[in-house]
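One file, query25.tsv, carrying TSV, N, CA, C and O atoms and all ligand atoms:
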```
chain	number	residue	atom	x	y	z
A	1	MET	N	113.44	100.44	68.16
A	1	MET	CA	112.75	99.17	68.42
A	1	MET	C	113.76	98.12	68.85
A	1	MET	O	114.86	98.05	68.33
A	2	PHE	N	113.36	97.30	69.77
A	2	PHE	CA	114.18	96.19	70.23
A	2	PHE	C	113.50	94.89	69.85
A	2	PHE	O	112.30	94.83	69.65
A	3	TYR	N	114.30	93.84	69.74
A	3	TYR	CA	113.73	92.53	69.45
A	3	TYR	C	114.57	91.44	70.11
A	3	TYR	O	115.70	91.68	70.54
A	4	ILE	N	114.00	90.27	70.19
A	4	ILE	CA	114.68	89.11	70.75
A	4	ILE	C	115.11	88.22	69.58
A	4	ILE	O	114.32	87.99	68.65
A	5	LYS	N	116.33	87.74	69.64
A	5	LYS	CA	116.86	86.88	68.60
A	5	LYS	C	117.30	85.60	69.29
A	5	LYS	O	118.13	85.62	70.20
A	6	GLN	N	116.71	84.47	68.91
A	6	GLN	CA	116.98	83.22	69.60
A	6	GLN	C	117.16	82.09	68.59
A	6	GLN	O	116.30	81.88	67.73
A	7	LYS	N	118.25	81.37	68.69
A	7	LYS	CA	118.44	80.20	67.86
A	7	LYS	C	117.61	79.05	68.41
A	7	LYS	O	117.58	78.82	69.61
A	8	VAL	N	116.97	78.32	67.50
A	8	VAL	CA	116.20	77.14	67.87
A	8	VAL	C	116.77	75.99	67.05
A	8	VAL	O	116.57	75.92	65.85
A	9	GLY	N	117.52	75.14	67.72
A	9	GLY	CA	118.19	74.08	67.00
A	9	GLY	C	119.34	74.65	66.17
A	9	GLY	O	119.84	75.74	66.44
A	10	ASN	N	119.74	73.94	65.13
A	10	ASN	CA	120.88	74.36	64.32
A	10	ASN	C	120.50	75.24	63.14
A	10	ASN	O	121.30	76.04	62.67
A	11	ASP	N	119.26	75.09	62.67
A	11	ASP	CA	118.90	75.73	61.41
A	11	ASP	C	117.90	76.88	61.53
A	11	ASP	O	117.64	77.58	60.55
A	12	LEU	N	117.30	77.06	62.68
A	12	LEU	CA	116.23	78.04	62.80
A	12	LEU	C	116.60	79.12	63.80
A	12	LEU	O	117.12	78.85	64.87
A	13	GLU	N	116.33	80.36	63.43
A	13	GLU	CA	116.55	81.48	64.33
A	13	GLU	C	115.29	82.33	64.35
A	13	GLU	O	114.78	82.73	63.31
A	14	LEU	N	114.76	82.57	65.53
A	14	LEU	CA	113.56	83.39	65.68
A	14	LEU	C	113.94	84.82	66.00
A	14	LEU	O	114.85	85.07	66.79
A	15	THR	N	113.25	85.75	65.39
A	15	THR	CA	113.41	87.17	65.70
A	15	THR	C	112.03	87.69	66.05
A	15	THR	O	111.09	87.60	65.25
A	16	ILE	N	111.89	88.19	67.27
A	16	ILE	CA	110.58	88.63	67.75
A	16	ILE	C	110.69	90.07	68.24
A	16	ILE	O	111.47	90.37	69.14
A	17	ASP	N	109.90	90.96	67.62
A	17	ASP	CA	109.87	92.36	68.07
A	17	ASP	C	109.27	92.45	69.47
A	17	ASP	O	108.30	91.77	69.79
A	18	ILE	N	109.86	93.29	70.29
A	18	ILE	CA	109.32	93.52	71.63
A	18	ILE	C	108.41	94.73	71.56
A	18	ILE	O	108.81	95.80	71.09
A	19	HIS	N	107.17	94.55	71.99
A	19	HIS	CA	106.25	95.69	72.05
A	19	HIS	C	105.38	95.57	73.29
A	19	HIS	O	105.61	94.67	74.12
A	20	ASP	N	104.42	96.44	73.43
A	20	ASP	CA	103.68	96.51	74.69
A	20	ASP	C	102.69	95.37	74.90
A	20	ASP	O	102.05	95.30	75.94
A	21	GLU	N	102.55	94.46	73.93
A	21	GLU	CA	101.58	93.38	74.10
A	21	GLU	C	102.20	91.99	74.13
A	21	GLU	O	101.48	91.00	74.27
A	22	ASN	N	103.51	91.87	74.00
A	22	ASN	CA	104.08	90.53	73.96
A	22	ASN	C	105.17	90.29	75.01
A	22	ASN	O	105.98	89.39	74.86
A	23	VAL	N	105.17	91.10	76.06
A	23	VAL	CA	106.12	90.89	77.14
A	23	VAL	C	105.34	90.40	78.37
A	23	VAL	O	104.36	91.03	78.78
A	24	PHE	N	105.77	89.27	78.91
A	24	PHE	CA	105.08	88.65	80.03
A	24	PHE	C	106.06	88.38	81.16
A	24	PHE	O	107.27	88.29	80.96
A	25	THR	N	105.51	88.23	82.36
A	25	THR	CA	106.31	87.83	83.50
A	25	THR	C	105.45	86.92	84.38
A	25	THR	O	104.27	86.70	84.09
A	26	ARG	N	106.06	86.37	85.42
A	26	ARG	CA	105.32	85.57	86.39
A	26	ARG	C	105.44	86.22	87.75
A	26	ARG	O	106.52	86.68	88.14
A	27	CYS	N	104.34	86.24	88.47
A	27	CYS	CA	104.32	86.79	89.82
A	27	CYS	C	105.25	85.93	90.71
A	27	CYS	O	105.15	84.71	90.71
A	28	PRO	N	106.15	86.57	91.46
A	28	PRO	CA	107.07	85.80	92.31
A	28	PRO	C	106.38	85.11	93.48
A	28	PRO	O	106.96	84.22	94.09
A	29	TYR	N	105.14	85.47	93.80
A	29	TYR	CA	104.44	84.87	94.93
A	29	TYR	C	103.53	83.71	94.51
A	29	TYR	O	103.58	82.64	95.11
A	30	CYS	N	102.70	83.91	93.48
A	30	CYS	CA	101.73	82.86	93.11
A	30	CYS	C	102.06	82.19	91.77
A	30	CYS	O	101.47	81.17	91.43
A	31	GLY	N	102.96	82.78	90.99
A	31	GLY	CA	103.37	82.17	89.74
A	31	GLY	C	102.48	82.44	88.56
A	31	GLY	O	102.73	81.93	87.46
A	32	VAL	N	101.42	83.24	88.73
A	32	VAL	CA	100.53	83.53	87.61
A	32	VAL	C	101.28	84.34	86.55
A	32	VAL	O	102.12	85.17	86.87
A	33	GLU	N	100.98	84.01	85.28
A	33	GLU	CA	101.59	84.74	84.17
A	33	GLU	C	100.70	85.92	83.80
A	33	GLU	O	99.48	85.78	83.74
A	34	PHE	N	101.32	87.07	83.56
A	34	PHE	CA	100.55	88.23	83.09
A	34	PHE	C	101.44	89.13	82.25
A	34	PHE	O	102.67	89.07	82.33
A	35	SER	N	100.80	89.95	81.42
A	35	SER	CA	101.55	90.85	80.55
A	35	SER	C	101.99	92.09	81.33
A	35	SER	O	101.32	92.50	82.28
A	36	VAL	N	103.12	92.64	80.94
A	36	VAL	CA	103.61	93.85	81.58
A	36	VAL	C	104.04	94.84	80.51
A	36	VAL	O	104.43	94.45	79.41
A	37	ASP	N	103.94	96.10	80.84
A	37	ASP	CA	104.47	97.16	79.98
A	37	ASP	C	105.92	97.36	80.39
A	37	ASP	O	106.20	97.96	81.41
A	38	LEU	N	106.82	96.80	79.59
A	38	LEU	CA	108.23	96.81	79.94
A	38	LEU	C	108.77	98.24	80.11
A	38	LEU	O	109.58	98.50	80.99
A	39	ALA	N	108.31	99.15	79.28
A	39	ALA	CA	108.77	100.55	79.39
A	39	ALA	C	108.38	101.12	80.75
A	39	ALA	O	109.17	101.81	81.40
A	40	GLU	N	107.17	100.79	81.20
A	40	GLU	CA	106.71	101.30	82.50
A	40	GLU	C	107.51	100.67	83.64
A	40	GLU	O	107.94	101.37	84.56
A	41	VAL	N	107.73	99.35	83.56
A	41	VAL	CA	108.49	98.66	84.61
A	41	VAL	C	109.91	99.21	84.72
A	41	VAL	O	110.40	99.50	85.80
A	42	LEU	N	110.54	99.40	83.56
A	42	LEU	CA	111.93	99.85	83.57
A	42	LEU	C	112.08	101.34	83.86
A	42	LEU	O	113.18	101.82	84.10
A	43	SER	N	110.97	102.06	83.85
A	43	SER	CA	111.05	103.48	84.20
A	43	SER	C	111.11	103.68	85.71
A	43	SER	O	111.44	104.76	86.19
A	44	GLU	N	110.78	102.60	86.46
A	44	GLU	CA	110.88	102.67	87.92
A	44	GLU	C	112.34	102.75	88.34
A	44	GLU	O	113.20	102.09	87.75
A	45	LYS	N	112.59	103.51	89.36
A	45	LYS	CA	113.95	103.65	89.88
A	45	LYS	C	114.46	102.27	90.33
A	45	LYS	O	113.72	101.49	90.90
A	46	ASP	N	115.72	101.99	90.07
A	46	ASP	CA	116.39	100.75	90.48
A	46	ASP	C	115.84	99.50	89.82
A	46	ASP	O	116.04	98.39	90.31
A	47	SER	N	115.11	99.61	88.72
A	47	SER	CA	114.63	98.41	88.03
A	47	SER	C	115.64	98.00	86.96
A	47	SER	O	116.41	98.82	86.46
A	48	ASP	N	115.65	96.71	86.64
A	48	ASP	CA	116.47	96.23	85.54
A	48	ASP	C	115.84	94.97	84.96
A	48	ASP	O	114.92	94.39	85.53
A	49	LEU	N	116.34	94.55	83.81
A	49	LEU	CA	115.73	93.42	83.10
A	49	LEU	C	115.94	92.08	83.80
A	49	LEU	O	115.22	91.14	83.55
A	50	PHE	N	116.92	91.96	84.66
A	50	PHE	CA	117.29	90.65	85.19
A	50	PHE	C	116.80	90.37	86.60
A	50	PHE	O	116.50	89.23	86.92
A	51	SER	N	116.72	91.37	87.44
A	51	SER	CA	116.36	91.09	88.83
A	51	SER	C	115.03	91.69	89.28
A	51	SER	O	114.54	91.38	90.36
A	52	THR	N	114.43	92.52	88.45
A	52	THR	CA	113.17	93.15	88.84
A	52	THR	C	112.03	92.15	88.71
A	52	THR	O	111.89	91.49	87.69
A	53	ALA	N	111.21	92.04	89.77
A	53	ALA	CA	110.03	91.18	89.74
A	53	ALA	C	108.79	92.08	89.84
A	53	ALA	O	108.81	93.11	90.49
A	54	VAL	N	107.73	91.65	89.16
A	54	VAL	CA	106.47	92.40	89.21
A	54	VAL	C	105.43	91.50	89.87
A	54	VAL	O	105.23	90.37	89.44
A	55	VAL	N	104.80	91.99	90.92
A	55	VAL	CA	103.81	91.23	91.68
A	55	VAL	C	102.45	91.43	91.04
A	55	VAL	O	102.09	92.55	90.64
A	56	CYS	N	101.66	90.36	90.91
A	56	CYS	CA	100.34	90.44	90.28
A	56	CYS	C	99.38	91.27	91.15
A	56	CYS	O	99.64	91.53	92.33
A	57	THR	N	98.26	91.65	90.57
A	57	THR	CA	97.29	92.50	91.27
A	57	THR	C	96.75	91.82	92.53
A	57	THR	O	96.64	92.45	93.58
A	58	ALA	N	96.43	90.52	92.43
A	58	ALA	CA	95.85	89.81	93.59
A	58	ALA	C	96.85	89.76	94.75
A	58	ALA	O	96.49	90.02	95.90
A	59	CYS	N	98.10	89.45	94.46
A	59	CYS	CA	99.11	89.37	95.53
A	59	CYS	C	99.43	90.76	96.08
A	59	CYS	O	99.70	90.90	97.27
A	60	THR	N	99.39	91.77	95.22
A	60	THR	CA	99.59	93.14	95.71
A	60	THR	C	98.52	93.50	96.74
A	60	THR	O	98.83	94.06	97.80
A	61	LYS	N	97.27	93.11	96.45
A	61	LYS	CA	96.17	93.39	97.40
A	61	LYS	C	96.39	92.65	98.71
A	61	LYS	O	96.18	93.19	99.79
A	62	LYS	N	96.81	91.36	98.63
A	62	LYS	CA	97.06	90.57	99.85
A	62	LYS	C	98.18	91.19	100.66
A	62	LYS	O	98.11	91.28	101.90
A	63	LEU	N	99.28	91.61	99.99
A	63	LEU	CA	100.44	92.16	100.68
A	63	LEU	C	100.11	93.48	101.37
A	63	LEU	O	100.65	93.78	102.44
A	64	ARG	N	99.20	94.24	100.75
A	64	ARG	CA	98.83	95.53	101.34
A	64	ARG	C	97.76	95.38	102.40
A	64	ARG	O	97.41	96.35	103.07
A	65	GLY	N	97.21	94.15	102.52
A	65	GLY	CA	96.19	93.90	103.54
A	65	GLY	C	94.88	94.50	103.18
A	65	GLY	O	94.10	94.99	103.93
A	101	ZN	ZN	100.56	86.73	92.50
```

Render the structure in this file as structure tokens.
Amino acid sequence: MFYIKQKVGNDLELTIDIHDENVFTRCPYCGVEFSVDLAEVLSEKDSDLFSTAVVCTACTKKLRG
């Protein structure tokens, strides 16, 4: 299991487990927020946590014509 650990101010530290329902991204074309299955995204060839973008369903349809 992986989790995110983030300091908030001087006295508070948040620890959040990463699972299939709490990972979100924004579409690089329209900016809509949606949930993603991080395991699925990272299983794609050449994907990584920092530069991989996921396009929303609506923009995918527009791009494919
Ligand atoms: Zn979009």

If you run DSSP on the backbone here, which positions in chain A get alpha helix (DSSP H)? Please write them as a ChimeraX atom specification. /A:38-43,57-64

Contacts with ligand ZN 101 (chain A) at most 7 Å, all atoms listed in the file counted, listed as a PDB file with N, CA, C and O atoms, in the frame of the given file:
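As written to disk, part_34.pdb reads:
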```
ATOM      1  N   ARG A  26     106.060  86.370  85.420  1.00  0.00           N
ATOM      2  CA  ARG A  26     105.320  85.570  86.390  1.00  0.00           C
ATOM      3  C   ARG A  26     105.440  86.220  87.750  1.00  0.00           C
ATOM      4  O   ARG A  26     106.520  86.680  88.140  1.00  0.00           O
ATOM      5  N   CYS A  27     104.340  86.240  88.470  1.00  0.00           N
ATOM      6  CA  CYS A  27     104.320  86.790  89.820  1.00  0.00           C
ATOM      7  C   CYS A  27     105.250  85.930  90.710  1.00  0.00           C
ATOM      8  O   CYS A  27     105.150  84.710  90.710  1.00  0.00           O
ATOM      9  N   PRO A  28     106.150  86.570  91.460  1.00  0.00           N
ATOM     10  CA  PRO A  28     107.070  85.800  92.310  1.00  0.00           C
ATOM     11  C   PRO A  28     106.380  85.110  93.480  1.00  0.00           C
ATOM     12  O   PRO A  28     106.960  84.220  94.090  1.00  0.00           O
ATOM     13  N   TYR A  29     105.140  85.470  93.800  1.00  0.00           N
ATOM     14  CA  TYR A  29     104.440  84.870  94.930  1.00  0.00           C
ATOM     15  C   TYR A  29     103.530  83.710  94.510  1.00  0.00           C
ATOM     16  O   TYR A  29     103.580  82.640  95.110  1.00  0.00           O
ATOM     17  N   CYS A  30     102.700  83.910  93.480  1.00  0.00           N
ATOM     18  CA  CYS A  30     101.730  82.860  93.110  1.00  0.00           C
ATOM     19  C   CYS A  30     102.060  82.190  91.770  1.00  0.00           C
ATOM     20  O   CYS A  30     101.470  81.170  91.430  1.00  0.00           O
ATOM     21  N   GLY A  31     102.960  82.780  90.990  1.00  0.00           N
ATOM     22  CA  GLY A  31     103.370  82.170  89.740  1.00  0.00           C
ATOM     23  C   GLY A  31     102.480  82.440  88.560  1.00  0.00           C
ATOM     24  O   GLY A  31     102.730  81.930  87.460  1.00  0.00           O
ATOM     25  N   VAL A  32     101.420  83.240  88.730  1.00  0.00           N
ATOM     26  CA  VAL A  32     100.530  83.530  87.610  1.00  0.00           C
ATOM     27  C   VAL A  32     101.280  84.340  86.550  1.00  0.00           C
ATOM     28  O   VAL A  32     102.120  85.170  86.870  1.00  0.00           O
ATOM     29  N   VAL A  54     107.730  91.650  89.160  1.00  0.00           N
ATOM     30  CA  VAL A  54     106.470  92.400  89.210  1.00  0.00           C
ATOM     31  C   VAL A  54     105.430  91.500  89.870  1.00  0.00           C
ATOM     32  O   VAL A  54     105.230  90.370  89.440  1.00  0.00           O
ATOM     33  N   VAL A  55     104.800  91.990  90.920  1.00  0.00           N
ATOM     34  CA  VAL A  55     103.810  91.230  91.680  1.00  0.00           C
ATOM     35  C   VAL A  55     102.450  91.430  91.040  1.00  0.00           C
ATOM     36  O   VAL A  55     102.090  92.550  90.640  1.00  0.00           O
ATOM     37  N   CYS A  56     101.660  90.360  90.910  1.00  0.00           N
ATOM     38  CA  CYS A  56     100.340  90.440  90.280  1.00  0.00           C
ATOM     39  C   CYS A  56      99.380  91.270  91.150  1.00  0.00           C
ATOM     40  O   CYS A  56      99.640  91.530  92.330  1.00  0.00           O
ATOM     41  N   THR A  57      98.260  91.650  90.570  1.00  0.00           N
ATOM     42  CA  THR A  57      97.290  92.500  91.270  1.00  0.00           C
ATOM     43  C   THR A  57      96.750  91.820  92.530  1.00  0.00           C
ATOM     44  O   THR A  57      96.640  92.450  93.580  1.00  0.00           O
ATOM     45  N   ALA A  58      96.430  90.520  92.430  1.00  0.00           N
ATOM     46  CA  ALA A  58      95.850  89.810  93.590  1.00  0.00           C
ATOM     47  C   ALA A  58      96.850  89.760  94.750  1.00  0.00           C
ATOM     48  O   ALA A  58      96.490  90.020  95.900  1.00  0.00           O
ATOM     49  N   CYS A  59      98.100  89.450  94.460  1.00  0.00           N
ATOM     50  CA  CYS A  59      99.110  89.370  95.530  1.00  0.00           C
ATOM     51  C   CYS A  59      99.430  90.760  96.080  1.00  0.00           C
ATOM     52  O   CYS A  59      99.700  90.900  97.270  1.00  0.00           O
ATOM     53  N   THR A  60      99.390  91.770  95.220  1.00  0.00           N
ATOM     54  CA  THR A  60      99.590  93.140  95.710  1.00  0.00           C
ATOM     55  C   THR A  60      98.520  93.500  96.740  1.00  0.00           C
ATOM     56  O   THR A  60      98.830  94.060  97.800  1.00  0.00           O
TER      57      THR A  60
END
```

Identify, on the basis of all atoms listed in the file, every residue whose closest approach to A:Met1 does not exceed 8 Å; exclude the query and any residue fewer than 2 positions from it along the same chain; express the result as a ChimeraX atom specification. /A:3-4,17-18

Could you save those same residues with N, CA, C and O atoms as a PDB file, in the coordinates of the input?
```
ATOM      1  N   TYR A   3     114.300  93.840  69.740  1.00  0.00           N
ATOM      2  CA  TYR A   3     113.730  92.530  69.450  1.00  0.00           C
ATOM      3  C   TYR A   3     114.570  91.440  70.110  1.00  0.00           C
ATOM      4  O   TYR A   3     115.700  91.680  70.540  1.00  0.00           O
ATOM      5  N   ILE A   4     114.000  90.270  70.190  1.00  0.00           N
ATOM      6  CA  ILE A   4     114.680  89.110  70.750  1.00  0.00           C
ATOM      7  C   ILE A   4     115.110  88.220  69.580  1.00  0.00           C
ATOM      8  O   ILE A   4     114.320  87.990  68.650  1.00  0.00           O
ATOM      9  N   ASP A  17     109.900  90.960  67.620  1.00  0.00           N
ATOM     10  CA  ASP A  17     109.870  92.360  68.070  1.00  0.00           C
ATOM     11  C   ASP A  17     109.270  92.450  69.470  1.00  0.00           C
ATOM     12  O   ASP A  17     108.300  91.770  69.790  1.00  0.00           O
ATOM     13  N   ILE A  18     109.860  93.290  70.290  1.00  0.00           N
ATOM     14  CA  ILE A  18     109.320  93.520  71.630  1.00  0.00           C
ATOM     15  C   ILE A  18     108.410  94.730  71.560  1.00  0.00           C
ATOM     16  O   ILE A  18     108.810  95.800  71.090  1.00  0.00           O
TER      17      ILE A  18
END
```

When you look at A:Val36 with a cut-off of 6 Å (counting only C-alpha atoms), what residues show up, excluding the ones that are within fewer than 2 positions of it in the same chain? I need them as a short mmCIF file (atom, residue, chain, number, x, y, z; two decimals) with N, CA, C and O atoms, keeping the file's coordinate frame.
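Output file part-v7.cif follows:
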```
data_model
loop_
_atom_site.label_atom_id
_atom_site.label_comp_id
_atom_site.auth_asym_id
_atom_site.auth_seq_id
_atom_site.Cartn_x
_atom_site.Cartn_y
_atom_site.Cartn_z
N VAL A 23 105.17 91.10 76.06
CA VAL A 23 106.12 90.89 77.14
C VAL A 23 105.34 90.40 78.37
O VAL A 23 104.36 91.03 78.78
N PHE A 24 105.77 89.27 78.91
CA PHE A 24 105.08 88.65 80.03
C PHE A 24 106.06 88.38 81.16
O PHE A 24 107.27 88.29 80.96
N LEU A 38 106.82 96.80 79.59
CA LEU A 38 108.23 96.81 79.94
C LEU A 38 108.77 98.24 80.11
O LEU A 38 109.58 98.50 80.99
#
```

Just the number, please: distance in Å from atom CA of A:Ser51 to atom O of A:Leu12, one decimal. 26.9 Å

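Between atom O of A:Asp20 and atom CA of A:Ala39 the interatomic distance comes to 9.2 Å.
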
May I ask for the distance between atom C of A:Lys7 and atom C of A:Phe50, given in Å to one decimal place? 21.4 Å

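Assigned to strand (DSSP E or B) in chain A, given DSSP computed from backbone atoms, are Tyr3, Ile4, Lys5, Gln6, Lys7, Val8, Leu12, Glu13, Leu14, Thr15, Ile16, Asp17, Phe24, Thr25, Arg26, Glu33, Phe34 and Ser35 of chain A.
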